Amino acid sequence: MDAQEPEVFSADALRKRLSTRIIGRRIIYHDRLPSTMDAAREAARNGISEGAVIITGEQVRGRGRLNREWLTPAGNIALSIILYPDRETLPYLIMMAATAVCRGIEAVTGLKPGIKWPNDILINGKKVCGILIENELPYKGSVTAVIGIGINTGLQPEAYREITETATSLEREAGMGISRTEIIVGLLEAFDELYDPGQDRATVYADWKARLVTLGEQVTVTWKDNVLEGTAESVDESGALVLRLPDGSTTVVVAGDVTLRKNNEAEEPESFDPADESEDT
Ligand code: BTN
């Protein structure tokens with residue numbers, strides 16, 4: 001693609017390219033939305049079929065984890081996938097989503113993304129994609145999970161002071177125009193394969209773990225008034241981080257702000273809060 005000519009996005013063209021079993025069987029496209037998360041939750045309440053995907057060309061009130069703002073100017077990817085998984089599958093959704101995004105990016109661009117625990121996608125140390133999962137867990141009945149994925153395709157980070165140093169985009173890293181359709185096809189196809197009931201969950205966990213760039217790093221984890229420092233040693237199959245503390249003991253971290261430390265320099269903290277990603281209704 002020519003980087004100067006923005007792609008004309010078409011939901012029909014996308015639909016025709018997909019050969020998925022569940023994810024993307026229904027695609028709803030809006031030129032502009034406040035947030036695909038709200039549109040997806042509304043669609044789920046109205047009984048939309050599993051695997052439906054809400055996509056927007058531009059998002060004006062996009063949100064990230066911990067209610068942070070997420071910027072989606074035109075020319076980038078913002079979508080939410082609606083799933084009705086069993087409760088045992090819930091911890092794996094983060095792993096599936098992050099792995100699917102990596103596979104989609106790799107297939108289309110040849111770039112090598114990594115995952116910063118639990119699910120930020122980085123290229124050359126900068127964030128190119130964020131994932132937000134919001135669950136509705138009724139006391140009885142089926143679970144609704146909305147998986148929001150924002151990918152910086154054509155974003156110019158220097159235009160936004162708050163992310164200039166920490167974010168990048170696919171076009172910036174690849175040095176060429178990137179088709180949003182191709183990226184979405186790649187990630188939805190990969191997600192569909194990972195979500196398939198026949199897919200071994202241990203393989204999903206292993207694929208995700210193998211892509212984590214956090215492991216082996218010195219990290220600081222903060223949660224409310226608590227601060228933990230140590231080495232990010234591993235992750236368990238629930239997705240939690242296993243931290244080796246200075247006294248040699250280990251502790252399991254399921255929530256907190258994680259700061260990667262390299263050469264004793266702290267990066268911008270990134271947050272993971274399961275409470276934020278799991279709502280009882
Ligand atoms: C994060 O890293 O904090 C998560 C960012 C998630 C952004 C996506 S864009 C599509 C969906 N709609 C939203 O409002 N947020 C998610």
# chains A, B, ... in the order shown; residues from 1 in each chain; ligands from 1
>>> select_by_dssp(residues="segment 59-212 of chain A", states="strand (DSSP E or B)", output="VMD selection string")
chain A and resid 59 63 69 72 77 to 83 114 to 116 120 to 123 126 to 136 144 to 151 167 212
>>> closest_atom_pairs(of="segment 171-209 of chain A", to="segment 38-56 of chain A", cutoff="10 Å", atoms="only C-alpha atoms", output="Markdown table")
| residue | atom | partner | partner_atom | distance |
| --- | --- | --- | --- | --- |
| A:Ile184 | CA | A:Ile55 | CA | 9.8 |
| A:Leu188 | CA | A:Val53 | CA | 9.3 |
| A:Asp192 | CA | A:Gly51 | CA | 8.6 |
>>> residues_near_ligand(ligand="ligand 1", cutoff="7 Å", atoms="only C-alpha atoms and all ligand atoms", output="PyMOL selection string")
chain A and resi 35-37+61-65+68+70+72+78-80+120+129-132+148-150
>>> write_last_selection(atoms="N, CA and C atoms", output="tab-separated table (two decimals), in the first residue's frame")
chain	number	residue	atom	x	y	z
A	35	SER	N	-17.04	4.51	21.73
A	35	SER	CA	-16.16	3.39	22.06
A	35	SER	C	-16.81	2.10	21.55
A	36	THR	N	-16.01	1.24	20.93
A	36	THR	CA	-16.57	-0.05	20.46
A	36	THR	C	-16.96	-0.92	21.65
A	37	MET	N	-16.38	-0.65	22.84
A	37	MET	CA	-16.73	-1.46	24.02
A	37	MET	C	-18.21	-1.28	24.37
A	61	ARG	N	-14.20	8.39	22.24
A	61	ARG	CA	-14.03	8.23	23.71
A	61	ARG	C	-13.50	6.82	24.00
A	62	GLY	N	-12.46	6.44	23.27
A	62	GLY	CA	-11.86	5.12	23.48
A	62	GLY	C	-11.27	5.02	24.88
A	63	ARG	N	-11.41	3.86	25.49
A	63	ARG	CA	-10.84	3.71	26.83
A	63	ARG	C	-9.86	2.55	26.89
A	64	GLY	N	-8.88	2.73	27.77
A	64	GLY	CA	-7.91	1.68	28.03
A	64	GLY	C	-8.13	1.11	29.41
A	65	ARG	N	-7.18	0.34	29.89
A	65	ARG	CA	-7.31	-0.24	31.22
A	65	ARG	C	-7.33	0.86	32.27
A	68	ARG	N	-8.21	4.56	31.55
A	68	ARG	CA	-7.35	5.52	30.86
A	68	ARG	C	-7.92	5.78	29.48
A	70	TRP	N	-7.89	6.00	25.47
A	70	TRP	CA	-7.20	5.32	24.36
A	70	TRP	C	-7.48	6.11	23.08
A	72	THR	N	-7.84	6.78	19.25
A	72	THR	CA	-8.03	6.12	17.95
A	72	THR	C	-8.46	7.14	16.92
A	78	ALA	N	-9.73	-0.08	15.73
A	78	ALA	CA	-10.42	-0.20	17.02
A	78	ALA	C	-11.57	-1.17	16.80
A	79	LEU	N	-11.55	-2.27	17.52
A	79	LEU	CA	-12.63	-3.25	17.38
A	79	LEU	C	-12.88	-3.95	18.70
A	80	SER	N	-14.10	-4.48	18.84
A	80	SER	CA	-14.45	-5.29	20.01
A	80	SER	C	-15.13	-6.56	19.53
A	120	ASP	N	0.08	-6.19	26.56
A	120	ASP	CA	0.44	-5.06	25.68
A	120	ASP	C	1.32	-5.60	24.58
A	129	CYS	N	-0.14	-1.86	20.39
A	129	CYS	CA	-1.51	-2.36	20.55
A	129	CYS	C	-1.83	-2.53	22.03
A	130	GLY	N	-3.07	-2.18	22.39
A	130	GLY	CA	-3.57	-2.41	23.74
A	130	GLY	C	-4.83	-3.25	23.67
A	131	ILE	N	-5.03	-4.05	24.70
A	131	ILE	CA	-6.19	-4.95	24.73
A	131	ILE	C	-6.93	-4.75	26.06
A	132	LEU	N	-8.22	-4.61	25.97
A	132	LEU	CA	-9.05	-4.41	27.15
A	132	LEU	C	-10.15	-5.46	27.13
A	148	GLY	N	-11.69	-5.89	23.60
A	148	GLY	CA	-11.41	-4.69	22.82
A	148	GLY	C	-9.95	-4.65	22.40
A	149	ILE	N	-9.73	-4.39	21.12
A	149	ILE	CA	-8.37	-4.38	20.59
A	149	ILE	C	-8.14	-3.07	19.84
A	150	GLY	N	-7.11	-2.36	20.26
A	150	GLY	CA	-6.75	-1.12	19.57
A	150	GLY	C	-5.35	-1.24	19.01
>>> closest_residue(among="A:Val204, A:Ala167, A:Val254, A:Ile151", to="Gly125 of chain A", atoms="only C-alpha atoms")
A:Ala167
>>> residues_around(residues="segment 215-219 of chain A", least_positions_apart="4", cutoff="8 Å", atoms="only C-alpha atoms", output="JSON, numbers by chain")
{"A": [229, 230, 231, 232, 233, 234, 258, 259, 260, 261, 262]}
>>> write_last_selection(atoms="C-alpha atoms", output="mmCIF file, in the first residue's frame")
data_model
loop_
_atom_site.group_PDB
_atom_site.id
_atom_site.type_symbol
_atom_site.label_atom_id
_atom_site.label_comp_id
_atom_site.auth_asym_id
_atom_site.auth_seq_id
_atom_site.Cartn_x
_atom_site.Cartn_y
_atom_site.Cartn_z
ATOM 1 C CA GLU A 229 10.317 -5.390 43.472
ATOM 2 C CA GLY A 230 11.814 -8.476 41.977
ATOM 3 C CA THR A 231 12.475 -10.523 38.887
ATOM 4 C CA ALA A 232 9.580 -11.497 36.636
ATOM 5 C CA GLU A 233 10.352 -15.186 36.717
ATOM 6 C CA SER A 234 7.381 -16.840 35.090
ATOM 7 C CA VAL A 258 4.131 -3.199 36.419
ATOM 8 C CA THR A 259 7.218 -1.169 35.654
ATOM 9 C CA LEU A 260 9.992 -2.799 33.673
ATOM 10 C CA ARG A 261 13.415 -1.709 34.885
ATOM 11 C CA LYS A 262 16.325 -1.691 32.511
#
>>> residues_around(residues="Asp207 of chain A", least_positions_apart="6", cutoff="10 Å", atoms="only C-alpha atoms", output="MDAnalysis selection string")
chainID A and resid 95:96 98:99 201
>>> closest_atom_pairs(of="segment 56-117 of chain A", to="segment 13-27 of chain A", cutoff="12 Å", atoms="only C-alpha atoms", output="Markdown table")
| residue | atom | partner | partner_atom | distance |
| --- | --- | --- | --- | --- |
| A:Thr56 | CA | A:Ile27 | CA | 10.6 |
| A:Leu79 | CA | A:Ile27 | CA | 10.0 |
| A:Ser80 | CA | A:Ile27 | CA | 10.2 |
| A:Ile81 | CA | A:Ile23 | CA | 7.6 |
| A:Ile82 | CA | A:Ile23 | CA | 8.5 |
| A:Leu83 | CA | A:Ile23 | CA | 8.4 |
| A:Tyr84 | CA | A:Ile22 | CA | 10.9 |
| A:Pro85 | CA | A:Ile22 | CA | 11.7 |
| A:Ala97 | CA | A:Ile23 | CA | 11.8 |
| A:Ala100 | CA | A:Ile23 | CA | 11.8 |
>>> closest_residue(among="A:Asp196, A:Asp12, A:Asp247, A:Asp86", to="Thr181 of chain A", atoms="only C-alpha atoms")
A:Asp12
>>> select_by_dssp(residues="segment 157-257 of chain A", states="helix (DSSP H, G or I)", output="ChimeraX atom specification")
/A:157-159,170-174,180-195,201-210
>>> closest_residue(among="A:His30, A:Lys116, A:Arg103, A:Arg211", to="Ala11 of chain A", atoms="only C-alpha atoms")
A:His30
>>> residues_around(residues="Thr168 of chain A", least_positions_apart="3", cutoff="10 Å", atoms="only C-alpha atoms", output="PyMOL selection string")
chain A and resi 122-129+151-158+163-165+171-173
>>> residues_around(residues="Ile115 of chain A", least_positions_apart="6", cutoff="6 Å", atoms="only C-alpha atoms", output="compact mmCIF listing (two decimals) with C-alpha atoms, in the first residue's frame")
# COMPACT_ATOMS: atom_id res chain seq x y z
CA ILE A 121 1.92 -5.60 22.26
CA ARG A 211 6.08 -14.26 23.39
CA LEU A 212 6.35 -12.48 26.77
CA VAL A 213 9.21 -9.98 26.82
>>> closest_residue(among="A:Ser238, A:Gln59, A:Thr144, A:Thr109", to="Gly175 of chain A", atoms="only C-alpha atoms")
A:Thr109
